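K.L.:
This structure is in structure tokens; I'll ask about it shortly.
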Amino acid sequence: SLLVLVTAACSGGSGGQKTVSESDPIVIKFSHVTSIDSVKGKAANRFAELVEEKTGGKAKVEVYPSSQLYGDNDELDALVSGNVHMIAPSVTKMVKLDPRWQYVDMPFLFNDQEHTRKFFESDIAKTLLNSDKLASNDIMGLAFWENGFKHFTNNKHPLQEPEDFAGLKFRAQAGKVLEAQFKALDAGSATISFGETYAALQQGTVDGQENTYNNIDTQKYQEVQKYMTLSEHGRLDYAVFVNKSFWEKMPDDIRAQVEEALKEATELEWKLAAEENAASLENIKNSGKVEVLSLTDGERAALEEALQPVYDEFSEVITTELIDGIRNLK
Ligand code: LMR
């Protein structure tokens with residue numbers, strides 16, 4: 001039977017039949033850190049289905065959720081080196097390559113979801129996706145995916161006034177802007193990867209964190225946090241990045257079909273972001289485990305004012321072009 005196999009393999013190459021390499025699908029490895037039932041997890045899986053449909057199986061997306069392949073600390077390196085082909089990190093985690101991505105953390109920069117979407121469709125957003133800084137690391141951005149506004153949770157006491165944050169320690173995603181945000185509130189922070197945050201909250205390594213309703217809910221932070229303040233002080237959004245060499249090597253027709261699949265998945269993702277965050281807020285409230293606090297207009301204004309030093313320190317790094325550009329989209 002070994003002989004038969006060898007003969008078959010040889011004749012495959014010369015006899016006009018499909019060779020193994022022609023019939024094997026192009027595998028696109030897509031790694032991410034959230035769970036399969038999160039906004040990003042659902043959209044990534046739908047993208048995989050759409051790629052299968054649109055390419056007739058010629059390309060296949062393998063999705064690795066929940067940091068099972070790579071976590072916060074190494075997924076970007078894995079993309080740069082081509083060990084994975086696609087990631088969709090929270091954009092602030094791109095700070096290693098281009099600090100301007102921390103635009104997303106600038107306090108109270110975005111008004112609402114509509115404002116965020118206008119930004120996603122703007123020319124300034126495209127300059128971030130196609131920057132030389134990314135290209136020189138052999139990656140490029142293809143699309144923005146939305147999550148939502150962040151809210152503070154903690155274990156110590158209700159957070160209403162800026163003074164309430166003093167002395168507490170928070171988990172941060174990445175970067176100096178978030179560090180400065182907590183410092184402006186006389187609080188401490190530690191960069192902890194997403195995959196390790198639940199344990200850090202449970203064990204009291206940190207007192208609190210900031211995230212969207214959907215991330216809080218799908219990570220079950222309500223089990224290990226006592227208070228959540230509806231602060232909407234900053235955003236958490238994603239961009240989908242690919243390894244550039246891998247992307248450019250893909251046959252043109254297949255790449256066009258994958259692009260079409262991404263376009264549809266992106267439309268779905270934007271829709272899901274709003275729906276799933278609303279459903280998650282209800283889940284968190286219904287858990288009965290977290291006290292949910294809202295801010296008065298005065299408390300919100302006080303928080304915004306307390307966070308002004310972040311602009312003084314970082315407007316130049318983020319660039320006023322980007323900050324004013326976003327403000328002008330309002
Ligand atoms: C976080 O680290 O909190 C988020 O960036 C996780 C994610 O990908 O939504």
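Residue numbering restarts at 1 in every chain; chains get A, B, ... in the order shown in the structure tokens, and ligands count up from 1 in that same order.
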Write out as a ChimeraX atom specification each polymer residue whose atoms come within 12 Å of Gly41 in chain A, counting only C-alpha atoms; drop sequence neighbours fewer than 5 positions from it.
P.N.:
/A:30-36,46-48,63-67,87-89,145,147,214-215,218,265,269,272-273,276
K.L.:
Do you know which residues are within 8 Å of ligand 1 using only C-alpha atoms and all ligand atoms? Can you write them as a ChimeraX atom specification?
P.N.:
/A:32-34,40,72,88-93,147,172-173,192-195,210-211,215,236-238
K.L.:
What's around Val290 in chain A at 6 Å? Count only C-alpha atoms, leave out sequence neighbours fewer than 5 positions away in its own chain, and write the answer as an MDAnalysis selection string.
P.N.:
chainID A and resid 222 226:227
K.L.:
Could you please take those selected residues and save C-alpha atoms as a PDB file, in the first residue's frame?
P.N.:
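The resulting file, out_14.pdb, is shown below:
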```pdb
ATOM      1  CA  GLN A 222     -18.987  40.552  38.664  1.00  0.00           C
ATOM      2  CA  LYS A 226     -18.304  44.706  44.419  1.00  0.00           C
ATOM      3  CA  TYR A 227     -18.887  48.053  42.704  1.00  0.00           C
TER       4      TYR A 227
END
```
K.L.:
Output as JSON lines one row per residue of range 233-268 of chain A within 12 Å of range 117-138 of chain A: the closest atom pair and its distance in Å to one decimal place, counting only C-alpha atoms, sorted by chain and residue number ascending.
P.N.:
```
{"residue": "A:Asp237", "atom": "CA", "partner": "A:Phe120", "partner_atom": "CA", "distance": 9.9}
{"residue": "A:Tyr238", "atom": "CA", "partner": "A:Phe120", "partner_atom": "CA", "distance": 10.2}
{"residue": "A:Ala239", "atom": "CA", "partner": "A:Leu129", "partner_atom": "CA", "distance": 8.0}
{"residue": "A:Val240", "atom": "CA", "partner": "A:Leu129", "partner_atom": "CA", "distance": 9.0}
{"residue": "A:Phe241", "atom": "CA", "partner": "A:Leu129", "partner_atom": "CA", "distance": 8.2}
{"residue": "A:Val242", "atom": "CA", "partner": "A:Asp138", "partner_atom": "CA", "distance": 8.6}
{"residue": "A:Asn243", "atom": "CA", "partner": "A:Asp138", "partner_atom": "CA", "distance": 6.0}
{"residue": "A:Lys244", "atom": "CA", "partner": "A:Asp138", "partner_atom": "CA", "distance": 5.1}
{"residue": "A:Ser245", "atom": "CA", "partner": "A:Asp138", "partner_atom": "CA", "distance": 6.5}
{"residue": "A:Phe246", "atom": "CA", "partner": "A:Asp138", "partner_atom": "CA", "distance": 9.1}
{"residue": "A:Trp247", "atom": "CA", "partner": "A:Asp138", "partner_atom": "CA", "distance": 10.0}
{"residue": "A:Glu248", "atom": "CA", "partner": "A:Asp138", "partner_atom": "CA", "distance": 10.5}
{"residue": "A:Thr266", "atom": "CA", "partner": "A:Phe120", "partner_atom": "CA", "distance": 11.2}
{"residue": "A:Glu267", "atom": "CA", "partner": "A:Arg117", "partner_atom": "CA", "distance": 11.2}
```
K.L.:
Work out how far apart CA of Asp98 in chain A and CA of Val80 in chain A are and give it in Å to one decimal.
P.N.:
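One can read the CA of Asp98 in chain A to CA of Val80 in chain A distance as 13.8 Å.
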K.L.:
What's the 12 Å shell around Gly175 in chain A, counting only C-alpha atoms, without same-chain residues fewer than 5 positions away, as a PyMOL selection string?
P.N.:
chain A and resi 90-106+180-182+189-192+314+317
K.L.:
Next, write the just-selected residues to a file, as a PDB file, in the first residue's frame, keeping C-alpha atoms as the atom set.
P.N.:
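Saved to selection39.pdb:
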```pdb
ATOM      1  CA  SER A  90      -7.640  46.351  21.757  1.00  0.00           C
ATOM      2  CA  VAL A  91      -5.876  49.169  19.898  1.00  0.00           C
ATOM      3  CA  THR A  92      -4.043  50.525  22.931  1.00  0.00           C
ATOM      4  CA  LYS A  93      -1.969  47.328  22.890  1.00  0.00           C
ATOM      5  CA  MET A  94      -0.400  48.607  19.633  1.00  0.00           C
ATOM      6  CA  VAL A  95       1.480  51.166  21.750  1.00  0.00           C
ATOM      7  CA  LYS A  96       4.650  49.079  21.365  1.00  0.00           C
ATOM      8  CA  LEU A  97       4.756  49.958  17.652  1.00  0.00           C
ATOM      9  CA  ASP A  98       3.013  53.312  17.515  1.00  0.00           C
ATOM     10  CA  PRO A  99       2.068  55.314  20.639  1.00  0.00           C
ATOM     11  CA  ARG A 100      -0.641  57.193  18.736  1.00  0.00           C
ATOM     12  CA  TRP A 101      -2.948  54.197  19.166  1.00  0.00           C
ATOM     13  CA  GLN A 102      -3.423  55.374  22.742  1.00  0.00           C
ATOM     14  CA  TYR A 103      -5.833  57.954  21.324  1.00  0.00           C
ATOM     15  CA  VAL A 104      -8.469  55.465  22.517  1.00  0.00           C
ATOM     16  CA  ASP A 105      -7.517  56.011  26.166  1.00  0.00           C
ATOM     17  CA  MET A 106      -7.704  59.802  26.119  1.00  0.00           C
ATOM     18  CA  ALA A 180      -1.139  58.528  33.804  1.00  0.00           C
ATOM     19  CA  GLN A 181      -4.928  58.306  33.986  1.00  0.00           C
ATOM     20  CA  PHE A 182      -4.761  56.417  37.285  1.00  0.00           C
ATOM     21  CA  SER A 189      -1.936  50.703  38.317  1.00  0.00           C
ATOM     22  CA  ALA A 190      -0.310  47.541  37.036  1.00  0.00           C
ATOM     23  CA  THR A 191      -0.252  46.243  33.482  1.00  0.00           C
ATOM     24  CA  ILE A 192      -1.750  42.759  33.672  1.00  0.00           C
ATOM     25  CA  PHE A 314       0.204  63.204  26.144  1.00  0.00           C
ATOM     26  CA  VAL A 317       2.608  61.965  21.803  1.00  0.00           C
TER      27      VAL A 317
END
```
K.L.:
With only C-alpha atoms as the basis for distance, which of A:Tyr221, A:Val51, A:Asn73, A:Val310 is at the shortest distance from Ala174 in chain A?
P.N.:
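Closest to Ala174 in chain A of all the choices is A:Asn73.
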K.L.:
Could you state the separation of CA of Thr296 in chain A and CA of Ser231 in chain A in Å, given to one decimal place?
P.N.:
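For CA of Thr296 in chain A relative to CA of Ser231 in chain A, the distance reads 9.9 Å.
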K.L.:
Using DSSP on the backbone coordinates, identify all residues within range 146-329 of chain A classified as strand (DSSP E); present the result as a PyMOL selection string.
P.N.:
chain A and resi 146-149+151-154+169-172+188-191+208-211+227-230+235-243+291-294
K.L.:
Quick one: pull the distance between CA of Arg171 in chain A and CA of Asp312 in chain A, Å, one decimal.
P.N.:
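Computing the Euclidean distance for CA of Arg171 in chain A and CA of Asp312 in chain A yields 22.9 Å.
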K.L.:
Name the residues in contact with range 108-110 of chain A at a cut-off of 10 Å, using only C-alpha atoms, excluding same-chain residues fewer than 4 positions from it; report them as number ranges by chain.
P.N.:
A: 103-104, 114-116, 119, 149, 231-235, 300-301, 303-304, 307-308, 323-324, 326-327, 329-330
K.L.:
Here is a test: counting only C-alpha atoms, which residue of A:Glu163, A:Glu321, A:Glu52, A:Asp37 is nearest to Pro25 in chain A?
P.N.:
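Counting only C-alpha atoms, the residue closest to Pro25 in chain A is A:Glu52.
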K.L.:
Pick out each residue of range 104-134 of chain A that DSSP on the backbone tags as alpha helix (DSSP H); I need them as a PyMOL selection string.
P.N.:
chain A and resi 113-120+123-129+132-134
K.L.:
Include C-alpha atoms and write out the residues we just selected as a short mmCIF file (atom, residue, chain, number, x, y, z; two decimals), in the first residue's frame.
P.N.:
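What ended up in part_3.cif:
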```cif
data_model
loop_
_atom_site.label_atom_id
_atom_site.label_comp_id
_atom_site.auth_asym_id
_atom_site.auth_seq_id
_atom_site.Cartn_x
_atom_site.Cartn_y
_atom_site.Cartn_z
CA GLN A 113 -21.07 55.38 19.58
CA GLU A 114 -21.94 57.48 16.54
CA HIS A 115 -18.88 59.62 17.11
CA THR A 116 -16.72 56.48 17.39
CA ARG A 117 -18.06 55.12 14.10
CA LYS A 118 -17.45 58.41 12.33
CA PHE A 119 -13.87 58.10 13.49
CA PHE A 120 -13.60 54.49 12.22
CA ASP A 123 -9.22 59.41 6.88
CA ILE A 124 -7.31 59.89 10.14
CA ALA A 125 -8.32 56.37 11.18
CA LYS A 126 -7.00 55.04 7.86
CA THR A 127 -3.64 56.71 8.39
CA LEU A 128 -3.29 54.68 11.61
CA LEU A 129 -4.16 51.40 9.88
CA ASP A 132 4.78 53.17 7.89
CA LYS A 133 5.42 52.13 11.48
CA LEU A 134 3.21 49.10 10.99
#
```
